[in-house]
Every structure is written in C-alpha cells, then in structure tokens.
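A short worksheet on the structure shown next.
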Amino acid sequence: SMYRDAAEKGHIDAQYRTGYFCREGIGTDRDLHEAAKWLFLASSQGHELASDILPGVRKTIERLDKEEARLSTVDTSDRAQLITALNDIILFDLHNATSLKGFVSEKGLEIIRKAELIDDPEIQYIMYRCYNTLYNNNYLPEPKKAAGDKAIEFLQEAARTEEYLPAMHELGKYYLENHTIQEEIDLGFYLISAAAYRGDIESMLDASDVYSEGKIVDQDLGRALSLAVRAHDRLAEKD
C-alpha cells in the first residue's frame, strides 16, 4: 500500500514496483491490467526494468482476452462443453494463479462458479482438480489450506454415490496416504477395492500394492498378483 501511495504521487520506481507486485500477486491478488497500467507509466518515463517486463504482461493479457472470447461461446448448460471448458481452465490458468480470481478470465471464473453448484460426480471431480491444482501451484501464497479443503470437499461429493470410479480411487488414495485413524484407512481401502472390483485400472494396481505390502491388510500375494494381471489385461484391451 505504501508503494501504491508513492506510485500515485508519481514516483517512478514505486510505479514499477506496484506494477511488479500486481503482476506477481505480492500483497494483492494478481491483476495484469493493473500491472500493465503501472508498468506503462514507469516505462514511459525511462524505467528499464518496467520496459523489460511490460511486453510479457501485455502478451499474457492478450492471451487471456482471447480465452475470454473463446469461453464466451461456451454453453454451460451443455455438459460436454462445460467439461471441456473446465479442463482448459485447469490446463492454461490455474497452474499460475495466486487465487482463483488471480489468473482466470472473467468468463472462466463465471464458468467455475456455475460448475460449483452442479450435482454431477464427474463435474465435482473436475472441481476437485481445479482447487487441487490451485493448491499445488508455485504461486499461491500461504495459507493454502482453504484451497486444499475445498478440493477435498468436492472430491468427497464426487465419490459420495460411488458411481464415478476416478473419484473413488482418488479419495481412497487420499485416506490411505494422509490419515492415521484406522476408520479412515479402512474407508480408503474400501473405496480403492470397490473401484478396482468395478474395473478401475489405477485402483486395481493400488489394491495389488496393498495386498503385496501387507501393511494395511494381511499380505496376500495371490490376490496381489490377480489384481495386477487384471489391470494388465484391461490396459491391453485399451491399447
């Protein structure tokens, strides 16, 4: 806020720093348009560092504007279009976000907000991936807990009906890898086993590992081998 005050009073280096902070999301949500404004003011007065980074900021804004236009054609009532749009947002935006709003186009944010309200296991699983990507990126400052908690909430909802196998597998892994309470460990193994029984290849492999290691359940190499062979056969069918 002190740099911004100085920038508003015409201090050239403060204008550069304010633009830089807005670009990186330091002390504020990332705002590229605000960053470009301050960097342009500093650059137009001869600030070399501002001149160096301004083109990159403008290029990113241009890309986001194109994405805004593309996403504006998405009919969110069309399930297939919604899923494609959400996957694109994860791929292109959330890896570099400083908050959900920090690096997502306005239309992209609108699509995410609509998807959050849809009771559909596959879409809830994609929302888990949205928040989990945000949680795991390199730009999100502490605390990250809110994004992580939101991710798990969506994952639990996606697995609740036990219809969407990838969600069952992912939630099962989460309980197995992150919990020490026996009830939650048992729930994790149940979810992975149930998904494996229904044909999920990743769950077959994980359940095979559990039986092979003998740490969570009694070691059963015959069952471990059987699951591994089933997974191999399913992969071969897919190929």
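Quick note on naming: the chains in the structure tokens go A, B, ... in the order shown, residues restart at 1 in each chain, and ligands are numbered from 1 in order of appearance.
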Could you pull out the alpha helix (DSSP H) residues of stretch 67-227 of chain A, going by DSSP on the backbone, and write them as a PyMOL selection string? chain A and resi 67-71+79-92+106-115+121-136+145-160+165-178+182-197+201-213+221-227
Considering only C-alpha atoms, tabulate each residue of stretch 33-104 of chain A that lies at most 12 Å from stretch 118-131 of chain A along with its nearest interatomic pair and the corresponding distance in Å to one decimal; arrange the rows by chain and ascending residue number and present them as CSV.
residue,atom,partner,partner_atom,distance
A:Thr76,CA,A:Ile118,CA,10.7
A:Ser77,CA,A:Ile118,CA,10.3
A:Arg79,CA,A:Ile123,CA,8.8
A:Ala80,CA,A:Ile123,CA,10.1
A:Gln81,CA,A:Ile123,CA,11.5
A:Leu82,CA,A:Ile123,CA,8.6
A:Ile83,CA,A:Ile123,CA,6.8
A:Thr84,CA,A:Ile126,CA,10.2
A:Ala85,CA,A:Ile126,CA,10.6
A:Leu86,CA,A:Ile126,CA,7.2
A:Asn87,CA,A:Ile126,CA,7.3
A:Asp88,CA,A:Cys130,CA,10.4
A:Ile89,CA,A:Cys130,CA,8.2
A:Ile90,CA,A:Cys130,CA,5.8
A:Leu91,CA,A:Cys130,CA,9.3
A:Phe92,CA,A:Cys130,CA,11.3
A:Asp93,CA,A:Cys130,CA,9.8
A:Leu94,CA,A:Cys130,CA,7.1
A:His95,CA,A:Cys130,CA,9.4
A:Ala97,CA,A:Tyr131,CA,10.7
A:Thr98,CA,A:Tyr131,CA,11.9
A:Ser99,CA,A:Tyr131,CA,9.9
A:Leu100,CA,A:Tyr131,CA,8.2
A:Lys101,CA,A:Tyr131,CA,11.9
A:Val104,CA,A:Cys130,CA,11.5
Selection file, N, CA, C and O atoms, as a short mmCIF file (atom, residue, chain, number, x, y, z; two decimals), in the first residue's frame:
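What ended up in result.cif:
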data_model
loop_
_atom_site.label_atom_id
_atom_site.label_comp_id
_atom_site.auth_asym_id
_atom_site.auth_seq_id
_atom_site.Cartn_x
_atom_site.Cartn_y
_atom_site.Cartn_z
N THR A 76 -22.90 -23.29 -20.96
CA THR A 76 -22.68 -24.03 -19.71
C THR A 76 -23.80 -25.02 -19.41
O THR A 76 -23.65 -25.86 -18.51
N SER A 77 -24.92 -24.92 -20.13
CA SER A 77 -25.98 -25.92 -19.95
C SER A 77 -25.68 -27.19 -20.74
O SER A 77 -26.34 -28.21 -20.56
N ARG A 79 -23.38 -30.12 -21.08
CA ARG A 79 -22.44 -30.79 -20.17
C ARG A 79 -21.07 -31.00 -20.81
O ARG A 79 -20.03 -30.78 -20.18
N ALA A 80 -21.06 -31.45 -22.05
CA ALA A 80 -19.78 -31.72 -22.73
C ALA A 80 -18.97 -30.44 -22.89
O ALA A 80 -17.75 -30.43 -22.66
N GLN A 81 -19.62 -29.35 -23.28
CA GLN A 81 -18.91 -28.07 -23.43
C GLN A 81 -18.39 -27.58 -22.09
O GLN A 81 -17.28 -27.05 -22.01
N LEU A 82 -19.19 -27.75 -21.04
CA LEU A 82 -18.77 -27.31 -19.70
C LEU A 82 -17.53 -28.07 -19.24
O LEU A 82 -16.57 -27.48 -18.74
N ILE A 83 -17.53 -29.38 -19.43
CA ILE A 83 -16.39 -30.20 -19.00
C ILE A 83 -15.13 -29.82 -19.77
O ILE A 83 -14.05 -29.69 -19.19
N THR A 84 -15.25 -29.63 -21.08
CA THR A 84 -14.10 -29.21 -21.90
C THR A 84 -13.56 -27.86 -21.43
O THR A 84 -12.34 -27.69 -21.30
N ALA A 85 -14.45 -26.93 -21.16
CA ALA A 85 -14.04 -25.59 -20.72
C ALA A 85 -13.33 -25.65 -19.38
O ALA A 85 -12.29 -25.01 -19.17
N LEU A 86 -13.84 -26.43 -18.44
CA LEU A 86 -13.22 -26.55 -17.12
C LEU A 86 -11.82 -27.17 -17.23
O LEU A 86 -10.87 -26.72 -16.58
N ASN A 87 -11.69 -28.20 -18.05
CA ASN A 87 -10.38 -28.82 -18.23
C ASN A 87 -9.38 -27.84 -18.86
O ASN A 87 -8.19 -27.83 -18.50
N ASP A 88 -9.85 -27.01 -19.79
CA ASP A 88 -8.98 -25.99 -20.39
C ASP A 88 -8.53 -24.97 -19.34
O ASP A 88 -7.37 -24.53 -19.34
N ILE A 89 -9.44 -24.57 -18.47
CA ILE A 89 -9.11 -23.60 -17.42
C ILE A 89 -8.04 -24.16 -16.50
O ILE A 89 -7.09 -23.47 -16.12
N ILE A 90 -8.18 -25.42 -16.14
CA ILE A 90 -7.16 -26.06 -15.30
C ILE A 90 -5.81 -26.07 -16.00
O ILE A 90 -4.78 -25.71 -15.43
N LEU A 91 -5.83 -26.46 -17.26
CA LEU A 91 -4.58 -26.62 -18.01
C LEU A 91 -3.87 -25.29 -18.23
O LEU A 91 -2.64 -25.19 -18.07
N PHE A 92 -4.61 -24.23 -18.57
CA PHE A 92 -3.98 -22.99 -19.01
C PHE A 92 -3.88 -21.91 -17.92
O PHE A 92 -3.06 -21.01 -18.03
N ASP A 93 -4.72 -21.99 -16.89
CA ASP A 93 -4.78 -20.88 -15.94
C ASP A 93 -4.34 -21.21 -14.52
O ASP A 93 -3.55 -20.48 -13.93
N LEU A 94 -4.86 -22.29 -13.96
CA LEU A 94 -4.75 -22.46 -12.51
C LEU A 94 -3.36 -22.84 -12.03
O LEU A 94 -3.05 -22.70 -10.86
N HIS A 95 -2.50 -23.31 -12.94
CA HIS A 95 -1.13 -23.63 -12.53
C HIS A 95 -0.35 -22.37 -12.12
O HIS A 95 0.66 -22.47 -11.43
N ALA A 97 -2.00 -19.42 -10.87
CA ALA A 97 -2.90 -18.50 -10.19
C ALA A 97 -2.41 -18.17 -8.78
O ALA A 97 -1.86 -19.00 -8.08
N THR A 98 -2.63 -16.92 -8.37
CA THR A 98 -2.35 -16.54 -6.99
C THR A 98 -3.61 -16.60 -6.15
O THR A 98 -3.55 -16.48 -4.93
N SER A 99 -4.73 -16.78 -6.79
CA SER A 99 -6.02 -17.04 -6.15
C SER A 99 -6.92 -17.52 -7.27
O SER A 99 -6.52 -17.51 -8.43
N LEU A 100 -8.12 -17.95 -6.93
CA LEU A 100 -9.00 -18.42 -8.00
C LEU A 100 -9.24 -17.33 -9.03
O LEU A 100 -9.33 -17.58 -10.23
N LYS A 101 -9.28 -16.08 -8.57
CA LYS A 101 -9.53 -14.97 -9.48
C LYS A 101 -8.23 -14.39 -10.04
O LYS A 101 -8.25 -13.57 -10.95
N VAL A 104 -7.44 -16.10 -13.92
CA VAL A 104 -8.51 -16.72 -14.68
C VAL A 104 -9.35 -15.61 -15.30
O VAL A 104 -9.64 -14.62 -14.64
#
When you count only C-alpha atoms, which of these residues is closest to A:Ala158: A:Glu237, A:Glu202, A:Asp52, A:Glu116? A:Glu116
Which of these residues is nearest to A:Ser43, using only C-alpha atoms: A:Leu227, A:Cys22, A:Ala195, A:Ala14? A:Ala14
Neighbour list for A:Glu24 as a PyMOL selection string, cut-off 12 Å, only C-alpha atoms, skip fewer than 4 positions in-chain: chain A and resi 17-20+28-32+34-36+53+57+96-99+102-103+138-141
